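Participant: For reference, this is structure_14.cif, and it has mmCIF, C-alpha atoms.
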data_upload
#
loop_
_atom_site.group_PDB
_atom_site.id
_atom_site.type_symbol
_atom_site.label_atom_id
_atom_site.label_comp_id
_atom_site.auth_asym_id
_atom_site.auth_seq_id
_atom_site.Cartn_x
_atom_site.Cartn_y
_atom_site.Cartn_z
ATOM 1 C CA MET B 1 -18.023 -18.433 -49.982
ATOM 2 C CA ARG B 2 -15.869 -21.528 -49.671
ATOM 3 C CA ARG B 3 -12.220 -20.915 -50.513
ATOM 4 C CA SER B 4 -10.103 -23.376 -52.406
ATOM 5 C CA ILE B 5 -7.822 -25.676 -50.465
ATOM 6 C CA TYR B 6 -5.062 -24.392 -52.762
ATOM 7 C CA ASP B 7 -3.503 -20.966 -53.195
ATOM 8 C CA PHE B 8 -5.177 -18.699 -55.727
ATOM 9 C CA VAL B 9 -3.359 -18.632 -59.053
ATOM 10 C CA PRO B 10 -2.215 -15.166 -60.205
ATOM 11 C CA ALA B 11 -3.277 -14.043 -63.653
ATOM 12 C CA PRO B 12 -0.804 -14.811 -66.449
ATOM 13 C CA ILE B 13 0.793 -11.923 -68.301
ATOM 14 C CA ARG B 14 0.661 -13.862 -71.585
ATOM 15 C CA ARG B 15 -1.633 -16.666 -72.721
ATOM 16 C CA TRP B 16 -1.817 -18.370 -76.111
ATOM 17 C CA GLN B 17 -4.676 -20.872 -76.079
ATOM 18 C CA LEU B 18 -3.664 -22.218 -79.525
ATOM 19 C CA ASN B 19 -7.289 -22.933 -80.397
ATOM 20 C CA ASP B 20 -7.704 -20.201 -83.039
ATOM 21 C CA ASN B 21 -8.799 -22.470 -85.941
ATOM 22 C CA LEU B 22 -9.050 -19.529 -88.356
ATOM 23 C CA PRO B 23 -7.896 -18.986 -91.956
ATOM 24 C CA SER B 24 -5.132 -16.727 -90.664
ATOM 25 C CA THR B 25 -1.546 -17.115 -89.535
ATOM 26 C CA VAL B 26 -2.105 -14.816 -86.538
ATOM 27 C CA VAL B 27 -1.995 -16.703 -83.218
ATOM 28 C CA ARG B 28 -3.934 -14.697 -80.649
ATOM 29 C CA GLU B 29 -2.559 -13.789 -77.234
ATOM 30 C CA VAL B 30 -5.516 -13.010 -74.986
ATOM 31 C CA MET B 31 -3.932 -11.072 -72.094
ATOM 32 C CA ALA B 32 -1.810 -8.323 -73.674
ATOM 33 C CA GLY B 33 -2.354 -8.725 -77.405
ATOM 34 C CA GLU B 34 1.172 -10.021 -78.034
ATOM 35 C CA ASN B 35 0.167 -12.214 -80.950
ATOM 36 C CA GLY B 36 2.389 -14.792 -82.559
ATOM 37 C CA MET B 37 2.753 -15.596 -86.250
ATOM 38 C CA ALA B 38 2.217 -19.173 -87.423
ATOM 39 C CA SER B 39 3.942 -20.628 -90.456
ATOM 40 C CA HIS B 40 0.547 -21.830 -91.731
ATOM 41 C CA ASN B 41 -3.080 -20.800 -91.248
ATOM 42 C CA THR B 42 -4.247 -21.994 -87.850
ATOM 43 C CA SER B 43 -7.265 -23.622 -89.525
ATOM 44 C CA ASP B 44 -4.806 -25.901 -91.346
ATOM 45 C CA MET B 45 -2.936 -26.654 -88.111
ATOM 46 C CA SER B 46 -6.023 -27.116 -85.927
ATOM 47 C CA THR B 47 -6.477 -30.558 -84.372
ATOM 48 C CA ALA B 48 -8.027 -32.253 -81.367
ATOM 49 C CA GLY B 49 -6.566 -31.234 -78.036
ATOM 50 C CA VAL B 50 -7.723 -32.006 -74.518
ATOM 51 C CA GLY B 51 -11.189 -30.559 -73.985
ATOM 52 C CA ASP B 52 -10.646 -28.157 -76.896
ATOM 53 C CA THR B 53 -8.680 -27.824 -80.114
ATOM 54 C CA ALA B 54 -4.889 -27.576 -80.257
ATOM 55 C CA LEU B 55 -2.359 -26.779 -82.967
ATOM 56 C CA ALA B 56 -0.535 -29.613 -84.738
ATOM 57 C CA PHE B 57 3.151 -29.472 -85.672
ATOM 58 C CA ASN B 58 4.331 -31.870 -88.370
ATOM 59 C CA GLY B 59 8.034 -32.088 -87.555
ATOM 60 C CA VAL B 60 8.915 -30.491 -90.890
ATOM 61 C CA ASN B 61 7.937 -26.844 -91.300
ATOM 62 C CA ARG B 62 5.292 -25.718 -88.795
ATOM 63 C CA LYS B 63 6.076 -23.196 -86.075
ATOM 64 C CA ILE B 64 4.893 -20.090 -84.215
ATOM 65 C CA SER B 65 7.305 -17.183 -83.977
ATOM 66 C CA PHE B 66 7.289 -13.957 -81.964
ATOM 67 C CA GLY B 67 8.865 -10.552 -82.327
ATOM 68 C CA GLU B 68 10.372 -10.520 -78.853
ATOM 69 C CA ASN B 69 10.967 -12.626 -75.778
ATOM 70 C CA PRO B 70 7.964 -12.048 -73.441
ATOM 71 C CA LEU B 71 9.707 -13.343 -70.299
ATOM 72 C CA PRO B 72 10.550 -10.756 -67.612
ATOM 73 C CA SER B 73 14.163 -9.587 -67.772
ATOM 74 C CA SER B 74 15.061 -9.417 -64.089
ATOM 75 C CA SER B 75 12.144 -10.805 -62.076
ATOM 76 C CA ASP B 76 10.650 -14.217 -61.337
ATOM 77 C CA TRP B 77 8.623 -16.011 -63.994
ATOM 78 C CA THR B 78 6.730 -19.217 -64.754
ATOM 79 C CA ILE B 79 5.900 -20.738 -68.129
ATOM 80 C CA VAL B 80 3.308 -23.492 -68.555
ATOM 81 C CA ALA B 81 2.389 -25.475 -71.683
ATOM 82 C CA ARG B 82 0.514 -28.633 -72.605
ATOM 83 C CA VAL B 83 2.381 -30.840 -75.092
ATOM 84 C CA PHE B 84 1.785 -34.072 -76.993
ATOM 85 C CA CYS B 85 4.624 -35.885 -78.776
ATOM 86 C CA ALA B 86 3.813 -37.981 -81.861
ATOM 87 C CA GLY B 87 7.376 -39.292 -82.143
ATOM 88 C CA GLU B 88 10.066 -38.650 -84.699
ATOM 89 C CA ALA B 89 9.159 -36.812 -87.858
ATOM 90 C CA ASP B 90 9.707 -39.051 -90.882
ATOM 91 C CA GLY B 91 12.292 -41.005 -88.895
ATOM 92 C CA ASN B 92 14.757 -38.139 -89.183
ATOM 93 C CA GLY B 93 16.217 -38.642 -85.704
ATOM 94 C CA ASP B 94 16.330 -34.881 -85.078
ATOM 95 C CA THR B 95 18.028 -34.522 -81.699
ATOM 96 C CA ASN B 96 16.553 -31.109 -80.954
ATOM 97 C CA ALA B 97 12.826 -31.329 -81.806
ATOM 98 C CA THR B 98 11.701 -28.305 -79.817
ATOM 99 C CA ALA B 99 8.305 -27.879 -78.144
ATOM 100 C CA PHE B 100 8.957 -24.318 -76.946
ATOM 101 C CA GLU B 101 11.936 -22.178 -76.064
ATOM 102 C CA ALA B 102 13.188 -18.711 -75.259
ATOM 103 C CA ALA B 103 16.779 -19.252 -76.327
ATOM 104 C CA GLU B 104 19.702 -18.374 -78.517
ATOM 105 C CA TYR B 105 22.990 -20.156 -79.124
ATOM 106 C CA VAL B 106 26.226 -18.308 -78.373
ATOM 107 C CA GLY B 107 29.524 -19.206 -80.019
ATOM 108 C CA ILE B 108 30.487 -21.209 -83.074
ATOM 109 C CA PHE B 109 29.360 -24.802 -83.675
ATOM 110 C CA PRO B 110 30.290 -27.287 -82.211
ATOM 111 C CA ASP B 111 31.174 -25.163 -79.181
ATOM 112 C CA GLU B 112 27.860 -23.311 -78.980
ATOM 113 C CA GLU B 113 26.286 -22.704 -75.586
ATOM 114 C CA LEU B 114 22.597 -22.065 -75.025
ATOM 115 C CA LYS B 115 21.423 -18.803 -73.475
ATOM 116 C CA GLY B 116 17.905 -18.956 -72.013
ATOM 117 C CA PHE B 117 15.922 -22.211 -71.909
ATOM 118 C CA SER B 118 14.662 -24.848 -74.310
ATOM 119 C CA VAL B 119 12.258 -27.799 -73.883
ATOM 120 C CA TYR B 120 12.803 -30.436 -76.547
ATOM 121 C CA ARG B 121 12.919 -34.115 -77.502
ATOM 122 C CA LYS B 122 16.450 -35.438 -77.233
ATOM 123 C CA THR B 123 17.379 -38.763 -78.839
ATOM 124 C CA TRP B 124 21.123 -38.846 -78.257
ATOM 125 C CA ASP B 125 23.211 -37.964 -75.207
ATOM 126 C CA GLY B 126 26.641 -38.314 -76.805
ATOM 127 C CA ALA B 127 26.981 -41.915 -75.729
ATOM 128 C CA GLY B 128 23.867 -43.702 -76.933
ATOM 129 C CA ALA B 129 20.107 -43.667 -77.488
ATOM 130 C CA TYR B 130 18.274 -41.183 -75.296
ATOM 131 C CA ASP B 131 14.523 -41.070 -75.886
ATOM 132 C CA LYS B 132 13.419 -38.233 -73.588
ATOM 133 C CA ILE B 133 11.938 -34.782 -73.309
ATOM 134 C CA VAL B 134 14.470 -32.574 -71.544
ATOM 135 C CA ALA B 135 14.789 -28.990 -70.366
ATOM 136 C CA GLN B 136 18.047 -27.178 -71.021
ATOM 137 C CA VAL B 137 19.022 -23.937 -69.271
ATOM 138 C CA GLY B 138 22.068 -21.733 -69.823
ATOM 139 C CA ASP B 139 23.623 -18.276 -69.790
ATOM 140 C CA GLY B 140 25.690 -18.538 -72.977
ATOM 141 C CA ASN B 141 28.738 -19.802 -71.083
ATOM 142 C CA GLY B 142 27.452 -23.068 -69.655
ATOM 143 C CA THR B 143 24.312 -25.207 -69.625
ATOM 144 C CA ARG B 144 22.456 -27.685 -67.437
ATOM 145 C CA PHE B 145 19.961 -30.383 -68.409
ATOM 146 C CA VAL B 146 17.158 -32.168 -66.591
ATOM 147 C CA ASP B 147 15.085 -35.125 -67.836
ATOM 148 C CA LEU B 148 11.352 -34.417 -67.901
ATOM 149 C CA ILE B 149 9.695 -37.394 -69.645
ATOM 150 C CA SER B 150 11.279 -40.747 -70.517
ATOM 151 C CA ASP B 151 10.466 -43.073 -73.435
ATOM 152 C CA ILE B 152 8.713 -40.233 -75.263
ATOM 153 C CA THR B 153 8.472 -41.957 -78.654
ATOM 154 C CA THR B 154 7.475 -45.359 -77.232
ATOM 155 C CA VAL B 155 5.795 -45.718 -73.809
ATOM 156 C CA ALA B 156 4.878 -42.022 -73.428
ATOM 157 C CA LYS B 157 4.101 -41.429 -77.111
ATOM 158 C CA ASN B 158 0.757 -39.818 -77.972
ATOM 159 C CA GLU B 159 0.058 -38.693 -74.414
ATOM 160 C CA TRP B 160 -0.637 -35.184 -73.145
ATOM 161 C CA PHE B 161 1.664 -33.677 -70.535
ATOM 162 C CA ASP B 162 1.511 -30.412 -68.646
ATOM 163 C CA LEU B 163 5.015 -28.913 -68.492
ATOM 164 C CA CYS B 164 5.971 -26.069 -66.177
ATOM 165 C CA LEU B 165 9.214 -24.163 -65.587
ATOM 166 C CA THR B 166 9.618 -21.665 -62.733
ATOM 167 C CA TYR B 167 12.452 -19.155 -62.358
ATOM 168 C CA ASP B 168 13.627 -17.673 -59.040
ATOM 169 C CA SER B 169 15.532 -14.458 -59.753
ATOM 170 C CA ILE B 170 17.178 -14.449 -56.300
ATOM 171 C CA THR B 171 18.625 -17.953 -56.393
ATOM 172 C CA GLY B 172 18.896 -18.036 -60.201
ATOM 173 C CA ARG B 173 17.322 -21.489 -60.257
ATOM 174 C CA VAL B 174 14.848 -22.891 -62.764
ATOM 175 C CA GLY B 175 12.491 -25.532 -61.371
ATOM 176 C CA PRO B 176 10.817 -28.012 -63.773
ATOM 177 C CA TYR B 177 7.474 -29.789 -63.229
ATOM 178 C CA VAL B 178 5.626 -32.442 -65.244
ATOM 179 C CA ASN B 179 1.915 -32.880 -64.474
ATOM 180 C CA ALA B 180 2.512 -30.829 -61.304
ATOM 181 C CA THR B 181 5.251 -33.248 -60.165
ATOM 182 C CA TYR B 182 8.573 -31.643 -59.299
ATOM 183 C CA LYS B 183 11.518 -32.948 -61.341
ATOM 184 C CA GLY B 184 14.413 -31.286 -59.503
ATOM 185 C CA ASN B 185 16.231 -27.960 -59.645
ATOM 186 C CA LEU B 186 18.129 -26.708 -62.637
ATOM 187 C CA ILE B 187 20.627 -24.525 -60.814
ATOM 188 C CA LYS B 188 22.513 -21.637 -62.369
ATOM 189 C CA PRO B 189 23.376 -20.549 -65.004
ATOM 190 C CA TYR B 190 20.393 -18.848 -66.648
ATOM 191 C CA ALA B 191 20.229 -15.592 -68.603
ATOM 192 C CA LYS B 192 17.381 -14.198 -70.669
ATOM 193 C CA ALA B 193 17.800 -14.673 -74.412
ATOM 194 C CA ASN B 194 17.659 -11.596 -76.611
ATOM 195 C CA ASN B 195 14.321 -11.333 -78.433
ATOM 196 C CA ASN B 196 13.919 -15.032 -79.169
ATOM 197 C CA PHE B 197 10.755 -16.980 -78.341
ATOM 198 C CA SER B 198 9.321 -19.823 -80.380
ATOM 199 C CA ILE B 199 6.706 -22.580 -80.192
ATOM 200 C CA GLY B 200 7.180 -25.695 -82.319
ATOM 201 C CA ASN B 201 10.765 -25.155 -83.424
ATOM 202 C CA SER B 202 14.199 -23.886 -82.422
ATOM 203 C CA ILE B 203 15.187 -20.498 -83.813
ATOM 204 C CA ASP B 204 18.961 -20.870 -83.827
ATOM 205 C CA TRP B 205 19.555 -24.633 -83.861
ATOM 206 C CA VAL B 206 20.863 -26.189 -87.080
ATOM 207 C CA GLY B 207 17.916 -27.921 -88.794
ATOM 208 C CA ASN B 208 15.453 -25.865 -86.712
ATOM 209 C CA GLY B 209 14.412 -28.783 -84.478
ATOM 210 C CA TRP B 210 10.822 -29.014 -85.695
ATOM 211 C CA TRP B 211 8.324 -30.431 -83.162
ATOM 212 C CA ASN B 212 6.207 -33.423 -84.204
ATOM 213 C CA GLY B 213 3.001 -33.431 -82.189
ATOM 214 C CA ARG B 214 0.543 -30.996 -80.646
ATOM 215 C CA ILE B 215 0.772 -28.018 -78.312
ATOM 216 C CA GLN B 216 -1.989 -26.280 -76.406
ATOM 217 C CA ASN B 217 -2.512 -23.433 -73.911
ATOM 218 C CA VAL B 218 0.882 -21.777 -73.339
ATOM 219 C CA MET B 219 0.923 -19.308 -70.415
ATOM 220 C CA ILE B 220 3.562 -17.017 -68.909
ATOM 221 C CA PHE B 221 3.378 -15.550 -65.406
ATOM 222 C CA ASP B 222 5.528 -12.754 -63.979
ATOM 223 C CA LYS B 223 5.759 -14.652 -60.697
ATOM 224 C CA LYS B 224 7.323 -17.892 -59.574
ATOM 225 C CA LEU B 225 4.230 -19.996 -58.898
ATOM 226 C CA THR B 226 4.205 -21.889 -55.621
ATOM 227 C CA VAL B 227 3.883 -25.664 -55.566
ATOM 228 C CA LYS B 228 0.278 -25.282 -54.376
ATOM 229 C CA GLN B 229 -0.494 -22.918 -57.242
ATOM 230 C CA ILE B 230 1.056 -25.283 -59.787
ATOM 231 C CA ILE B 231 -1.033 -28.169 -58.443
ATOM 232 C CA LYS B 232 -4.172 -26.025 -58.460
ATOM 233 C CA LEU B 233 -3.569 -24.843 -62.018
ATOM 234 C CA TYR B 234 -2.975 -28.404 -63.169
ATOM 235 C CA ASP B 235 -6.200 -29.561 -61.499
ATOM 236 C CA ILE B 236 -8.142 -26.664 -63.023
ATOM 237 C CA ARG B 237 -6.771 -27.475 -66.464
ATOM 238 C CA ARG B 238 -7.940 -31.052 -65.971
ATOM 239 C CA GLY B 239 -11.371 -29.834 -64.795
ATOM 240 C CA ARG B 240 -10.908 -31.354 -61.343
ATOM 241 C CA GLU B 241 -10.834 -28.057 -59.470
ATOM 242 C CA SER B 242 -12.895 -24.885 -59.500
ATOM 243 C CA ALA B 243 -12.080 -21.501 -58.022
ATOM 244 C CA TYR B 244 -13.662 -22.614 -54.753
ATOM 245 C CA GLY B 245 -12.641 -26.219 -54.249
ATOM 246 C CA PRO B 246 -12.228 -29.712 -55.713
ATOM 247 C CA ARG B 247 -14.628 -30.973 -58.375
ATOM 248 C CA PRO B 248 -13.955 -34.709 -58.694
ATOM 249 C CA ASN B 249 -14.576 -36.726 -61.837
ATOM 250 C CA ARG B 250 -14.692 -33.758 -64.196
ATOM 251 C CA ILE B 251 -13.171 -33.750 -67.646
ATOM 252 C CA TYR B 252 -10.066 -31.818 -68.635
ATOM 253 C CA ASN B 253 -10.863 -28.143 -69.174
ATOM 254 C CA THR B 254 -8.989 -25.970 -71.646
ATOM 255 C CA ASN B 255 -11.190 -22.871 -71.520
ATOM 256 C CA ILE B 256 -10.068 -21.537 -68.157
ATOM 257 C CA ASN B 257 -12.272 -18.681 -67.038
ATOM 258 C CA SER B 258 -10.353 -15.640 -65.867
ATOM 259 C CA SER B 259 -12.258 -15.702 -62.561
ATOM 260 C CA ILE B 260 -10.027 -18.499 -61.281
ATOM 261 C CA PHE B 261 -7.034 -16.177 -61.261
ATOM 262 C CA GLY B 262 -6.485 -13.977 -58.238
ATOM 263 C CA ASP B 263 -3.771 -12.672 -55.911
#
Just give me the structure of the file as structure tokens.

Facilitator:
Amino acid sequence: MRRSIYDFVPAPIRRWQLNDNLPSTVVREVMAGENGMASHNTSDMSTAGVGDTALAFNGVNRKISFGENPLPSSSDWTIVARVFCAGEADGNGDTNATAFEAAEYVGIFPDEELKGFSVYRKTWDGAGAYDKIVAQVGDGNGTRFVDLISDITTVAKNEWFDLCLTYDSITGRVGPYVNATYKGNLIKPYAKANNNFSIGNSIDWVGNGWWNGRIQNVMIFDKKLTVKQIIKLYDIRRGRESAYGPRPNRIYNTNINSSIFGD
């Protein structure tokens, strides 16, 4: 049997495909049964994704919420999601339109500090226009930012991106990737938020930071994926890689078979 040129990808501990398309607000988690709760029936939110359906968020009142934060408390982790930004919602200029986060805000506005991480569309940096998707990481006492995607409501609007964050519990660093391309370290601080995880909005932020666009196939691993594993997973999700080697000129594949995961 011919092995892949990449490392095998370990199985995720949580996976929300976001392709339910049912007259129910339950959003299925296929690994451990940790389902989310959508604000609307998933049949009403269902829309075209990449190779499968996705869930659409209207920038106004659609979200998926969870009873607890599924990220490991003291060990390494990786979170992966596919996102599509449709731009501002109704021109509201919301500076915190959140794709997904495991975060809470500590302190009293305007001196709040984020604890955990958040991935969101930021339109203002305190000095001027700032049209980017960013990742923010903090421990409740200080935060760091990194730019992920520029020109998100113009040049990069209506495009799909694979976003990935890895956490190293020894160094305390969070590493961000976009389409398997490394974007630079987010060094300390990071601390796990208390029982807050959300897709499509921000739990604690004023105005809720509603996402305007689509989200598909969110996965959490209890390991820090290697660069080779991140590249392999990205190629599998695009249909360009099988469990045993490259498969050129294949379409993007959402329905990843569990056989591609292995230690």

Participant: Pick out the residues sitting within 12 Å of stretch 104-107 of chain B, and hand them over as a PDB file with C-alpha atoms, in the coordinates of the input; count all atoms listed in the file, and ignore anything fewer than 6 positions along from it in its own chain.

Facilitator:
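Resulting contents of part.pdb:
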ATOM      1  CA  ASN B  69      10.967 -12.626 -75.778  1.00  0.00           C
ATOM      2  CA  GLU B 113      26.286 -22.704 -75.586  1.00  0.00           C
ATOM      3  CA  LEU B 114      22.597 -22.065 -75.025  1.00  0.00           C
ATOM      4  CA  LYS B 115      21.423 -18.803 -73.475  1.00  0.00           C
ATOM      5  CA  GLY B 116      17.905 -18.956 -72.013  1.00  0.00           C
ATOM      6  CA  PHE B 117      15.922 -22.211 -71.909  1.00  0.00           C
ATOM      7  CA  SER B 118      14.662 -24.848 -74.310  1.00  0.00           C
ATOM      8  CA  GLN B 136      18.047 -27.178 -71.021  1.00  0.00           C
ATOM      9  CA  VAL B 137      19.022 -23.937 -69.271  1.00  0.00           C
ATOM     10  CA  GLY B 138      22.068 -21.733 -69.823  1.00  0.00           C
ATOM     11  CA  ASP B 139      23.623 -18.276 -69.790  1.00  0.00           C
ATOM     12  CA  GLY B 140      25.690 -18.538 -72.977  1.00  0.00           C
ATOM     13  CA  ASN B 141      28.738 -19.802 -71.083  1.00  0.00           C
ATOM     14  CA  GLY B 142      27.452 -23.068 -69.655  1.00  0.00           C
ATOM     15  CA  THR B 143      24.312 -25.207 -69.625  1.00  0.00           C
ATOM     16  CA  TYR B 190      20.393 -18.848 -66.648  1.00  0.00           C
ATOM     17  CA  ALA B 191      20.229 -15.592 -68.603  1.00  0.00           C
ATOM     18  CA  LYS B 192      17.381 -14.198 -70.669  1.00  0.00           C
ATOM     19  CA  ALA B 193      17.800 -14.673 -74.412  1.00  0.00           C
ATOM     20  CA  ASN B 194      17.659 -11.596 -76.611  1.00  0.00           C
ATOM     21  CA  ASN B 195      14.321 -11.333 -78.433  1.00  0.00           C
ATOM     22  CA  ASN B 196      13.919 -15.032 -79.169  1.00  0.00           C
ATOM     23  CA  PHE B 197      10.755 -16.980 -78.341  1.00  0.00           C
ATOM     24  CA  SER B 198       9.321 -19.823 -80.380  1.00  0.00           C
ATOM     25  CA  SER B 202      14.199 -23.886 -82.422  1.00  0.00           C
ATOM     26  CA  ILE B 203      15.187 -20.498 -83.813  1.00  0.00           C
ATOM     27  CA  ASP B 204      18.961 -20.870 -83.827  1.00  0.00           C
ATOM     28  CA  TRP B 205      19.555 -24.633 -83.861  1.00  0.00           C
ATOM     29  CA  VAL B 206      20.863 -26.189 -87.080  1.00  0.00           C
ATOM     30  CA  ASN B 208      15.453 -25.865 -86.712  1.00  0.00           C
TER      31      ASN B 208
END

Participant: Work out how far atom CA of B:Gly175 is from atom CA of B:Asp52, in Å to one decimal.

Facilitator: 28.0 Å

Participant: Take the PyMOL selection byres ((chain B and resi 44) around 10), run it mentally on this structure, and tell me the resulting residues as a list in words.

Facilitator: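 Applied to this file, the PyMOL selection byres ((chain B and resi 44) around 10) returns Asn21, Leu22, Pro23, Ser24, Thr25, His40, Asn41, Thr42, Ser43, Met45, Ser46, Thr47, Leu55 and Ala56 of chain B.
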
Participant: Deliver the residues from the most recent selection as a file, using C-alpha atoms, as a PDB file, keeping the file's coordinate frame.

Facilitator:
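And here's out.pdb as it stands now:
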ATOM      1  CA  ASN B  21      -8.799 -22.470 -85.941  1.00  0.00           C
ATOM      2  CA  LEU B  22      -9.050 -19.529 -88.356  1.00  0.00           C
ATOM      3  CA  PRO B  23      -7.896 -18.986 -91.956  1.00  0.00           C
ATOM      4  CA  SER B  24      -5.132 -16.727 -90.664  1.00  0.00           C
ATOM      5  CA  THR B  25      -1.546 -17.115 -89.535  1.00  0.00           C
ATOM      6  CA  HIS B  40       0.547 -21.830 -91.731  1.00  0.00           C
ATOM      7  CA  ASN B  41      -3.080 -20.800 -91.248  1.00  0.00           C
ATOM      8  CA  THR B  42      -4.247 -21.994 -87.850  1.00  0.00           C
ATOM      9  CA  SER B  43      -7.265 -23.622 -89.525  1.00  0.00           C
ATOM     10  CA  MET B  45      -2.936 -26.654 -88.111  1.00  0.00           C
ATOM     11  CA  SER B  46      -6.023 -27.116 -85.927  1.00  0.00           C
ATOM     12  CA  THR B  47      -6.477 -30.558 -84.372  1.00  0.00           C
ATOM     13  CA  LEU B  55      -2.359 -26.779 -82.967  1.00  0.00           C
ATOM     14  CA  ALA B  56      -0.535 -29.613 -84.738  1.00  0.00           C
TER      15      ALA B  56
END

Participant: Enter the distance from atom CA of B:Asp147 to atom CA of B:Val27, in Å, rounded to one decimal.

Facilitator: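 Taking atom CA of B:Asp147 as the start and atom CA of B:Val27 as the end point, the length is 29.5 Å.
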
Participant: For B:Gly213, which residue among B:Ile13, B:Ala86, B:Leu18, B:Val80 is the nearest when counting all atoms listed in the file?

Facilitator: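 Distance minimum relative to B:Gly213 lands on B:Ala86.
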
Participant: Taking all atoms listed in the file into account, name the residue in B:Thr153, B:Asn212, B:Thr226, B:Ser75 that is nearest to B:Gly172.

Facilitator: B:Ser75

Participant: Between atom CA of B:Tyr120 and atom CA of B:Ala97, measure the distance and give it in Å to one decimal.

Facilitator: 5.3 Å

Participant: Which is closer to B:Val134 than all the others in B:Val146, B:Val227, B:Ile64, B:Ile170, using all atoms listed in the file?

Facilitator: B:Val146

Participant: Considering only C-alpha atoms, can you say which of B:Ile133, B:Leu71, B:Ala156, B:Leu233 comes closest to B:Pro176?

Facilitator: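 Of B:Ile133, B:Leu71, B:Ala156, B:Leu233, the one nearest B:Pro176 is B:Ile133, counting only C-alpha atoms.
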
Participant: Which of these, B:Val218, B:Lys232, B:Arg238, B:Phe8, has the shortest distance to B:Arg82 once you count only C-alpha atoms?

Facilitator: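 Residue with the minimum atom-to-atom distance to B:Arg82: B:Val218.
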
Participant: Could you add the missing atoms to stretch 138-153 of chain B, up to N, CA and C atoms, and return them as a compact mmCIF listing (two decimals), keeping the file's coordinate frame?

Facilitator:
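Saved result, out-v6.txt, follows:
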# COMPACT_ATOMS: atom_id res chain seq x y z
N GLY B 138 20.70 -22.22 -69.76
CA GLY B 138 22.07 -21.73 -69.82
C GLY B 138 22.15 -20.22 -69.85
N ASP B 139 23.38 -19.72 -69.75
CA ASP B 139 23.62 -18.28 -69.79
C ASP B 139 24.54 -17.88 -70.94
N GLY B 140 24.79 -18.79 -71.86
CA GLY B 140 25.69 -18.54 -72.98
C GLY B 140 27.10 -18.98 -72.72
N ASN B 141 27.40 -19.33 -71.45
CA ASN B 141 28.74 -19.80 -71.08
C ASN B 141 28.74 -21.23 -70.55
N GLY B 142 27.57 -21.72 -70.17
CA GLY B 142 27.45 -23.07 -69.66
C GLY B 142 25.99 -23.45 -69.59
N THR B 143 25.69 -24.74 -69.63
CA THR B 143 24.31 -25.21 -69.62
C THR B 143 24.12 -26.35 -68.66
N ARG B 144 22.85 -26.55 -68.25
CA ARG B 144 22.46 -27.68 -67.44
C ARG B 144 21.22 -28.33 -68.06
N PHE B 145 21.09 -29.64 -67.88
CA PHE B 145 19.96 -30.38 -68.41
C PHE B 145 19.21 -31.06 -67.27
N VAL B 146 17.92 -31.31 -67.48
CA VAL B 146 17.16 -32.17 -66.59
C VAL B 146 16.18 -32.97 -67.44
N ASP B 147 16.04 -34.27 -67.13
CA ASP B 147 15.08 -35.12 -67.84
C ASP B 147 13.67 -34.83 -67.33
N LEU B 148 12.74 -34.67 -68.27
CA LEU B 148 11.35 -34.42 -67.90
C LEU B 148 10.48 -35.64 -68.11
N ILE B 149 10.54 -36.25 -69.31
CA ILE B 149 9.70 -37.39 -69.64
C ILE B 149 10.54 -38.43 -70.36
N SER B 150 10.51 -39.66 -69.90
CA SER B 150 11.28 -40.75 -70.52
C SER B 150 10.44 -41.50 -71.54
N ASP B 151 11.12 -42.20 -72.44
CA ASP B 151 10.47 -43.07 -73.44
C ASP B 151 9.39 -42.32 -74.22
N ILE B 152 9.72 -41.12 -74.69
CA ILE B 152 8.71 -40.23 -75.26
C ILE B 152 8.21 -40.70 -76.62
N THR B 153 8.97 -41.47 -77.36
CA THR B 153 8.47 -41.96 -78.65
C THR B 153 8.01 -43.41 -78.59
